[in-house]
$ cat work_22.cif   # mmCIF, C-alpha atoms and all ligand atoms
data_coords
loop_
_atom_site.label_atom_id
_atom_site.label_comp_id
_atom_site.auth_asym_id
_atom_site.auth_seq_id
_atom_site.Cartn_x
_atom_site.Cartn_y
_atom_site.Cartn_z
CA MET A 11 111.57 164.51 70.78
CA TYR A 12 111.71 164.85 74.50
CA GLU A 13 112.61 162.85 77.56
CA LEU A 14 109.68 162.49 79.95
CA HIS A 15 109.94 162.01 83.70
CA VAL A 16 106.57 161.38 85.33
CA VAL A 17 106.89 161.60 89.08
CA SER A 18 104.68 161.75 92.14
CA GLU A 19 104.04 165.17 93.62
CA ASP A 20 106.39 164.51 96.56
CA GLN A 21 109.23 163.47 94.25
CA PHE A 22 108.91 166.49 91.97
CA GLY A 23 111.60 168.70 93.48
CA ALA A 24 114.15 165.88 93.75
CA ALA A 25 113.49 164.72 90.16
CA ALA A 26 114.11 168.19 88.75
CA VAL A 27 117.19 168.83 90.89
CA ASP A 28 118.60 165.46 89.78
CA LEU A 29 118.90 166.91 86.27
CA LEU A 30 121.23 169.60 87.59
CA ARG A 31 123.63 167.43 89.53
CA ASP A 32 126.22 167.29 86.76
CA LEU A 33 126.34 171.09 86.37
CA ALA A 34 129.94 172.22 86.62
CA ALA A 35 131.07 175.27 88.58
CA GLY A 36 130.42 178.31 86.38
CA ALA A 37 127.55 176.60 84.55
CA CYS A 38 124.67 178.85 83.61
CA LEU A 39 121.13 178.11 84.76
CA GLY A 40 117.98 179.94 83.63
CA LEU A 41 115.30 180.04 86.32
CA PRO A 42 111.55 180.70 86.26
CA THR A 43 109.23 181.96 88.97
CA GLY A 44 105.76 180.65 89.82
CA HIS A 45 104.13 177.92 91.90
CA THR A 46 105.57 175.10 89.79
CA PRO A 47 109.28 175.40 90.67
CA LEU A 48 108.72 175.93 94.42
CA PRO A 49 109.53 172.30 95.36
CA VAL A 50 112.58 172.45 93.09
CA TYR A 51 113.93 175.51 94.86
CA ALA A 52 113.12 173.99 98.27
CA GLU A 53 115.16 170.91 97.31
CA LEU A 54 118.06 173.06 96.10
CA ARG A 55 118.04 174.94 99.41
CA ARG A 56 117.89 171.67 101.34
CA LEU A 57 120.85 170.15 99.48
CA ALA A 58 122.85 173.37 99.70
CA ALA A 59 122.21 173.67 103.45
CA ALA A 60 123.37 170.06 103.89
CA GLY A 61 126.55 170.80 101.90
CA LEU A 62 125.56 168.28 99.21
CA LEU A 63 125.43 170.85 96.42
CA VAL A 64 127.29 174.13 95.90
CA PRO A 65 124.95 176.14 93.66
CA GLY A 66 126.72 179.37 94.63
CA ARG A 67 129.26 178.47 91.95
CA TRP A 68 126.58 178.49 89.23
CA ARG A 69 125.49 181.52 87.26
CA VAL A 70 121.78 182.30 87.20
CA VAL A 71 119.78 184.02 84.47
CA MET A 72 116.26 185.35 84.93
CA LEU A 73 113.54 184.31 82.51
CA ASP A 74 111.08 187.17 82.85
CA ASP A 75 109.86 189.94 85.12
CA TYR A 76 107.26 192.68 85.30
CA TYR A 77 108.07 195.93 83.58
CA GLY A 78 108.41 199.10 85.62
CA GLY A 79 110.94 198.29 88.33
CA GLY A 80 108.38 198.30 91.17
CA GLU A 81 106.87 195.56 93.30
CA PRO A 82 105.70 192.88 92.89
CA SER A 83 108.77 191.78 90.99
CA PHE A 84 110.13 188.40 90.03
CA HIS A 85 113.57 189.72 90.94
CA THR A 86 112.52 190.04 94.59
CA TRP A 87 110.72 186.68 94.45
CA LEU A 88 113.74 184.87 92.98
CA GLY A 89 116.03 186.64 95.42
CA LYS A 90 114.09 185.24 98.36
CA GLU A 91 113.61 181.72 96.96
CA VAL A 92 116.96 181.13 95.31
CA ILE A 93 119.56 183.86 94.93
CA THR A 94 120.05 184.78 98.60
CA PRO A 95 119.64 181.31 100.17
CA LEU A 96 121.93 179.69 97.59
CA ALA A 97 124.50 182.48 97.91
CA ILE A 98 124.58 183.39 94.21
CA ALA A 99 126.83 186.46 94.03
CA ASP A 100 125.66 189.59 92.19
CA ASP A 101 128.17 189.12 89.39
CA ARG A 102 126.79 185.62 88.80
CA TYR A 103 123.19 186.77 88.43
CA LEU A 104 121.83 188.21 85.19
CA ARG A 105 118.60 190.10 85.71
CA ILE A 106 115.91 190.75 83.15
CA PRO A 107 115.81 194.53 82.67
CA THR A 108 112.65 196.07 84.08
CA LEU A 109 113.48 199.65 83.06
CA PRO A 110 115.79 201.18 80.44
CA GLY A 111 118.38 201.90 83.16
CA GLY A 112 121.32 203.56 81.43
CA PHE A 113 119.93 202.71 77.97
CA ALA A 114 117.94 204.77 75.47
CA ASN A 115 114.87 202.58 75.92
CA ILE A 116 113.78 199.18 77.19
CA ALA A 117 114.51 197.60 73.78
CA ALA A 118 118.16 198.65 74.10
CA ALA A 119 118.26 197.31 77.67
CA CYS A 120 116.87 193.97 76.36
CA ASP A 121 119.58 193.90 73.66
CA ASP A 122 122.14 194.41 76.42
CA PHE A 123 120.64 191.46 78.35
CA GLU A 124 120.97 189.29 75.22
CA SER A 125 124.60 190.38 74.72
CA ARG A 126 125.46 189.55 78.32
CA LEU A 127 123.82 186.14 78.00
CA ARG A 128 125.86 185.51 74.84
CA VAL A 129 129.08 186.56 76.63
CA TRP A 130 128.22 184.02 79.33
CA GLY A 131 127.91 181.40 76.58
CA GLY A 132 124.13 180.96 76.95
CA CYS A 133 122.26 178.74 79.38
CA ASP A 134 123.40 175.18 80.05
CA TRP A 135 119.95 174.46 81.47
CA GLN A 136 116.86 176.63 81.16
CA LEU A 137 114.10 175.61 83.58
CA LEU A 138 110.59 176.62 82.51
CA GLY A 139 107.08 176.54 83.91
CA LEU A 140 104.06 176.23 81.62
CA GLY A 141 101.29 178.82 81.60
CA ALA A 142 97.68 177.67 81.52
CA ASN A 143 97.44 179.38 78.10
CA GLY A 144 100.60 177.69 76.85
CA HIS A 145 102.99 180.54 77.53
CA ILE A 146 106.65 180.00 78.39
CA GLY A 147 108.26 182.88 80.20
CA PHE A 148 105.85 185.69 79.33
CA ASN A 149 105.71 184.67 75.67
CA GLU A 150 101.96 184.81 75.34
CA PRO A 151 99.98 183.14 72.50
CA GLY A 152 100.94 184.79 69.21
CA SER A 153 104.65 185.02 70.11
CA ALA A 154 106.98 184.17 67.25
CA ARG A 155 109.45 181.29 67.13
CA ASP A 156 112.33 183.73 66.61
CA SER A 157 111.25 186.32 69.22
CA ARG A 158 113.99 187.77 71.43
CA THR A 159 114.02 189.36 74.87
CA ARG A 160 111.48 192.19 74.76
CA LEU A 161 108.68 194.17 76.38
CA VAL A 162 105.30 192.39 76.13
CA THR A 163 101.70 193.02 77.14
CA LEU A 164 100.22 190.29 79.31
CA THR A 165 96.90 188.70 78.42
CA ALA A 166 94.06 189.36 80.84
CA ALA A 167 94.14 185.67 81.83
CA THR A 168 97.83 185.81 82.77
CA ALA A 169 97.43 189.07 84.68
CA ARG A 170 94.52 187.48 86.60
CA ALA A 171 96.46 184.27 87.30
CA ASN A 172 99.44 186.24 88.60
CA ALA A 173 97.28 188.56 90.71
CA GLU A 174 96.58 185.52 92.91
CA TYR A 175 100.22 185.40 93.99
CA TRP A 176 100.13 188.96 95.28
CA PRO A 177 96.58 189.48 96.59
CA GLN A 178 97.44 192.84 98.14
CA GLN A 179 98.78 194.41 94.97
CA GLN A 180 97.80 194.93 91.37
CA PRO A 181 100.47 193.34 89.13
CA PRO A 182 101.49 195.36 86.07
CA GLN A 183 100.10 194.54 82.63
CA LEU A 184 103.51 194.91 81.00
CA ALA A 185 106.40 192.50 81.35
CA VAL A 186 109.81 191.76 79.91
CA THR A 187 110.59 188.21 78.85
CA GLN A 188 113.30 186.21 77.20
CA GLY A 189 112.00 185.48 73.70
CA ILE A 190 111.21 182.03 72.38
CA GLY A 191 114.26 182.24 70.12
CA THR A 192 116.35 183.15 73.17
CA ILE A 193 114.96 180.26 75.22
CA LEU A 194 115.51 177.73 72.42
CA GLU A 195 119.23 178.57 72.39
CA ALA A 196 119.67 176.98 75.83
CA ARG A 197 121.67 173.76 75.48
CA ARG A 198 119.08 171.88 77.52
CA ILE A 199 115.58 172.83 78.59
CA ALA A 200 113.60 171.35 81.47
CA LEU A 201 109.86 171.98 81.27
CA LEU A 202 108.37 171.63 84.75
CA VAL A 203 104.64 170.95 84.99
CA ARG A 204 102.49 170.19 88.01
CA GLY A 205 98.76 169.71 88.48
CA ALA A 206 95.71 168.46 86.59
CA ASP A 207 94.88 171.95 85.33
CA LYS A 208 98.00 171.80 83.13
CA ALA A 209 97.30 168.33 81.66
CA ALA A 210 95.51 169.49 78.50
CA ILE A 211 97.92 172.31 77.68
CA LEU A 212 100.92 170.03 78.28
CA ALA A 213 99.54 167.49 75.79
CA ALA A 214 98.88 170.29 73.28
CA ALA A 215 102.39 171.67 73.74
CA LEU A 216 104.21 168.36 73.34
CA GLN A 217 101.96 166.40 71.02
CA GLY A 218 99.92 169.01 69.14
CA PRO A 219 100.94 171.13 66.15
CA ILE A 220 103.80 173.59 66.50
CA THR A 221 102.02 176.93 66.51
CA PRO A 222 102.33 180.44 67.96
CA ALA A 223 98.84 179.84 69.44
CA VAL A 224 100.58 177.49 71.92
CA PRO A 225 104.00 179.08 72.50
CA ALA A 226 105.25 176.05 74.45
CA SER A 227 104.76 173.93 71.31
CA PHE A 228 107.95 175.56 69.98
CA LEU A 229 109.77 173.49 72.60
CA GLN A 230 109.31 170.56 70.20
CA LEU A 231 112.13 172.28 68.28
CA ALA A 232 114.47 172.47 71.28
CA PRO A 233 117.80 170.66 70.87
CA ALA A 234 117.35 168.79 74.16
CA LEU A 235 114.06 168.89 76.05
CA VAL A 236 113.34 167.11 79.32
CA VAL A 237 109.83 167.25 80.74
CA VAL A 238 109.30 166.72 84.46
CA ALA A 239 105.58 166.29 85.12
CA ASP A 240 103.65 165.02 88.09
CA THR A 241 101.15 162.25 87.39
CA ALA A 242 98.21 164.66 87.24
CA ALA A 243 99.88 166.91 84.67
CA ALA A 244 100.98 163.94 82.55
CA ALA A 245 97.52 162.35 82.50
CA ARG A 246 96.56 163.54 79.01
CA LEU A 247 99.81 162.62 77.26
CA ALA A 248 99.39 159.90 74.65
CA SER A 249 101.99 157.18 75.16
CA LEU A 250 104.78 157.40 72.61
P1 LIG B 301 102.79 178.55 87.69
O1 LIG B 301 103.04 179.50 86.44
O2 LIG B 301 104.06 177.78 87.87
O3 LIG B 301 102.53 179.50 88.81
O4 LIG B 301 101.63 177.68 87.35
C1 LIG B 301 103.62 178.97 85.31
C2 LIG B 301 103.67 180.05 84.27
O5 LIG B 301 102.71 180.83 84.16
O6 LIG B 301 104.64 180.09 83.52
#
$ encode --input "work_22.cif" --output "structure tokens"
Amino acid sequence: MYELHVVSEDQFGAAAVDLLRDLAAGACLGLPTGHTPLPVYAELRRLAAAGLLVPGRWRVVMLDDYYGGGEPSFHTWLGKEVITPLAIADDRYLRIPTLPGGFANIAAACDDFESRLRVWGGCDWQLLGLGANGHIGFNEPGSARDSRTRLVTLTAATARANAEYWPQQQPPQLAVTQGIGTILEARRIALLVRGADKAAILAAALQGPITPAVPASFLQLAPALVVVADTAAAARLASL
């Protein structure tokens, strides 16, 4: 089951941020990148600038990033949109590893990410976008229900879609993502969906069979799922 909020495009950011208002200091928030959460981050910045919200007290966990440690990176993107403007301190920000760093390999660095997330007590809220192919994070079709944070190869469609965000550069084909099993451990998940081009995949994810072919369909198993969709994205949902 899920709770559905259908909102107009101009109410999208406020509706998503409303979910976060009860987050205590020290609460842990998982954040995605992409076009979809832009109004949410703009609203967070607006409220923080007006002194109506103090997100600097939250802890933030990345959802995914490109592999390789170069640019473009979601780390830089999130830094500009959220981490710097909301004054999230370094020790309150858990990055997805993009290189082995001090570890034997990227798999060991991913295990370290998972351990740190466990030490933090997991995410209180994980915000997610929805890929046109049904991915969540970079869990592409075929990803398993119990997958953990790991190195993945992007589908050609995802690499093409992401290339639009950085027209000057060629995004990498490899990425590191929280697994579906990792994501499902968040105490609450907010799936954010905007635009008519996501209407069919949103209906498949929420009301179709639970299948690795549509990774977002595993969200039907989430302990607490809230969907914030604009009217265009919600258009294909059968009424419950
Ligand atoms: P978008 O991406 O928000 O840019 O549409 C969502 C995603 O691919 O997860």
$ residues_near_ligand --input "work_22.cif" --ligand "ligand LIG 301 (chain B)" --cutoff "12 Å" --atoms "all atoms listed in the file" --output "PyMOL selection string"
chain A and resi 41-50+73-75+84+137-150+164-165+167-176+187+201-209+211-212+225-226+239+243
$ atom_distance --input "work_22.cif" --atom1 "CA of Ile190 in chain A" --atom2 "CA of Ala232 in chain A"
10.2 Å
$ closest_residue --input "work_22.cif" --among "A:Glu19, A:Asp134, A:Asp121, A:Asp156" --to "Leu33 in chain A" --atoms "all atoms listed in the file"
A:Asp134
$ closest_residue --input "work_22.cif" --among "A:Gly80, A:Gly191, A:Pro177, A:Pro151" --to "Pro222 in chain A" --atoms "all atoms listed in the file"
A:Pro151
$ residues_around --input "work_22.cif" --residues "His85 in chain A" --least-positions-apart "5" --cutoff "9 Å" --atoms "only C-alpha atoms" --output "list in words"
Met72, Asp74, Asp75, Tyr76, Lys90, Arg105 and Ile106 of chain A
$ axis_aligned_box --input "work_22.cif" --around "range 230-235 of chain A" --padding-each-side "6 Å" --output "JSON"
{"center_x": 113.6, "center_y": 170.6, "center_z": 72.2, "size_x": 20.5, "size_y": 15.7, "size_z": 19.8}
$ closest_residue --input "work_22.cif" --among "A:Pro95, A:Gly23, A:Pro65, A:Gly112" --to "Cys38 in chain A" --atoms "all atoms listed in the file"
A:Pro65
$ closest_residue --input "work_22.cif" --among "A:Ala248, A:Val236, A:Ser227, A:Arg158" --to "Asp28 in chain A" --atoms "all atoms listed in the file"
A:Val236
$ residues_around --input "work_22.cif" --residues "Tyr51 in chain A" --least-positions-apart "6" --cutoff "9 Å" --atoms "only C-alpha atoms" --output "tab-separated table (two decimals) with C-alpha atoms, keeping the file's coordinate frame"
chain	number	residue	atom	x	y	z
A	23	GLY	CA	111.60	168.70	93.48
A	27	VAL	CA	117.19	168.83	90.89
A	91	GLU	CA	113.61	181.72	96.96
A	92	VAL	CA	116.96	181.13	95.31
$ closest_residue --input "work_22.cif" --among "A:Gly66, A:Gly131, A:Pro82, A:Gly40" --to "Gln178 in chain A" --atoms "only C-alpha atoms"
A:Pro82
$ closest_residue --input "work_22.cif" --among "A:Arg160, A:Asp32, A:Thr241, A:Val71" --to "Asp20 in chain A" --atoms "all atoms listed in the file"
A:Thr241
$ atom_distance --input "work_22.cif" --atom1 "CA of Ala119 in chain A" --atom2 "CA of Ala37 in chain A"
23.7 Å
$ atom_distance --input "work_22.cif" --atom1 "CA of Gly36 in chain A" --atom2 "CA of Gly132 in chain A"
11.6 Å
$ decode --input "work_22.cif" --residues "range 206-242 of chain A" --atoms "N, CA and C atoms" --output "tab-separated table (two decimals), in the first residue's frame"
chain	number	residue	atom	x	y	z
A	206	ALA	N	4.16	13.88	-17.74
A	206	ALA	CA	3.36	12.88	-18.45
A	206	ALA	C	4.20	11.71	-18.92
A	207	ASP	N	5.49	11.94	-19.20
A	207	ASP	CA	6.31	10.85	-19.71
A	207	ASP	C	6.59	9.78	-18.64
A	208	LYS	N	6.24	10.07	-17.39
A	208	LYS	CA	6.42	9.07	-16.33
A	208	LYS	C	5.10	8.39	-15.95
A	209	ALA	N	3.99	8.78	-16.59
A	209	ALA	CA	2.68	8.28	-16.15
A	209	ALA	C	2.57	6.76	-16.30
A	210	ALA	N	3.01	6.22	-17.42
A	210	ALA	CA	2.85	4.78	-17.65
A	210	ALA	C	3.75	3.98	-16.72
A	211	ILE	N	4.99	4.43	-16.54
A	211	ILE	CA	5.91	3.66	-15.70
A	211	ILE	C	5.50	3.78	-14.23
A	212	LEU	N	4.91	4.91	-13.84
A	212	LEU	CA	4.45	5.03	-12.45
A	212	LEU	C	3.31	4.04	-12.19
A	213	ALA	N	2.38	3.93	-13.14
A	213	ALA	CA	1.27	2.98	-12.98
A	213	ALA	C	1.81	1.55	-12.92
A	214	ALA	N	2.79	1.25	-13.77
A	214	ALA	CA	3.38	-0.11	-13.76
A	214	ALA	C	4.06	-0.38	-12.43
A	215	ALA	N	4.76	0.62	-11.92
A	215	ALA	CA	5.51	0.43	-10.67
A	215	ALA	C	4.58	0.21	-9.49
A	216	LEU	N	3.49	0.97	-9.43
A	216	LEU	CA	2.64	0.92	-8.23
A	216	LEU	C	1.53	-0.11	-8.34
A	217	GLN	N	1.07	-0.36	-9.58
A	217	GLN	CA	-0.13	-1.18	-9.72
A	217	GLN	C	0.08	-2.40	-10.60
A	218	GLY	N	1.30	-2.57	-11.12
A	218	GLY	CA	1.62	-3.76	-11.91
A	218	GLY	C	2.25	-4.82	-11.03
A	219	PRO	N	2.68	-5.94	-11.65
A	219	PRO	CA	3.33	-7.00	-10.87
A	219	PRO	C	4.67	-6.55	-10.31
A	220	ILE	N	5.05	-7.13	-9.18
A	220	ILE	CA	6.35	-6.85	-8.60
A	220	ILE	C	7.37	-7.70	-9.35
A	221	THR	N	8.27	-7.01	-10.05
A	221	THR	CA	9.19	-7.73	-10.94
A	221	THR	C	10.50	-6.95	-11.11
A	222	PRO	N	11.62	-7.68	-11.24
A	222	PRO	CA	12.90	-6.99	-11.49
A	222	PRO	C	12.88	-6.21	-12.81
A	223	ALA	N	11.93	-6.55	-13.72
A	223	ALA	CA	11.86	-5.80	-14.99
A	223	ALA	C	11.46	-4.34	-14.74
A	224	VAL	N	10.77	-4.09	-13.63
A	224	VAL	CA	10.41	-2.72	-13.23
A	224	VAL	C	10.91	-2.55	-11.79
A	225	PRO	N	12.18	-2.15	-11.63
A	225	PRO	CA	12.75	-2.13	-10.28
A	225	PRO	C	11.90	-1.34	-9.27
A	226	ALA	N	11.26	-0.26	-9.72
A	226	ALA	CA	10.45	0.53	-8.79
A	226	ALA	C	9.25	-0.25	-8.27
A	227	SER	N	8.88	-1.36	-8.93
A	227	SER	CA	7.75	-2.14	-8.43
A	227	SER	C	8.07	-2.76	-7.07
A	228	PHE	N	9.36	-2.90	-6.75
A	228	PHE	CA	9.73	-3.43	-5.43
A	228	PHE	C	9.32	-2.46	-4.31
A	229	LEU	N	9.04	-1.22	-4.69
A	229	LEU	CA	8.59	-0.26	-3.66
A	229	LEU	C	7.24	-0.67	-3.08
A	230	GLN	N	6.51	-1.53	-3.79
A	230	GLN	CA	5.25	-2.04	-3.22
A	230	GLN	C	5.51	-2.81	-1.92
A	231	LEU	N	6.78	-3.23	-1.72
A	231	LEU	CA	7.15	-3.97	-0.51
A	231	LEU	C	7.68	-3.06	0.59
A	232	ALA	N	7.76	-1.77	0.31
A	232	ALA	CA	8.35	-0.84	1.29
A	232	ALA	C	7.45	-0.74	2.52
A	233	PRO	N	8.04	-0.59	3.71
A	233	PRO	CA	7.23	-0.50	4.92
A	233	PRO	C	6.32	0.72	4.93
A	234	ALA	N	6.77	1.82	4.38
A	234	ALA	CA	5.93	3.03	4.35
A	234	ALA	C	6.31	3.82	3.10
A	235	LEU	N	5.41	3.83	2.13
A	235	LEU	CA	5.69	4.50	0.86
A	235	LEU	C	4.69	5.64	0.65
A	236	VAL	N	5.23	6.82	0.38
A	236	VAL	CA	4.41	7.97	0.01
A	236	VAL	C	4.80	8.35	-1.42
A	237	VAL	N	3.81	8.55	-2.26
A	237	VAL	CA	4.07	8.94	-3.64
A	237	VAL	C	3.60	10.38	-3.81
A	238	VAL	N	4.51	11.24	-4.27
A	238	VAL	CA	4.12	12.62	-4.60
A	238	VAL	C	4.23	12.73	-6.12
A	239	ALA	N	3.08	12.90	-6.77
A	239	ALA	CA	3.06	12.95	-8.23
A	239	ALA	C	2.32	14.19	-8.68
A	240	ASP	N	2.78	14.81	-9.77
A	240	ASP	CA	1.97	15.89	-10.31
A	240	ASP	C	0.82	15.26	-11.12
A	241	THR	N	-0.14	16.07	-11.51
A	241	THR	CA	-1.35	15.51	-12.13
A	241	THR	C	-1.01	14.77	-13.42
A	242	ALA	N	-0.03	15.23	-14.15
A	242	ALA	CA	0.34	14.56	-15.41
A	242	ALA	C	0.91	13.17	-15.13
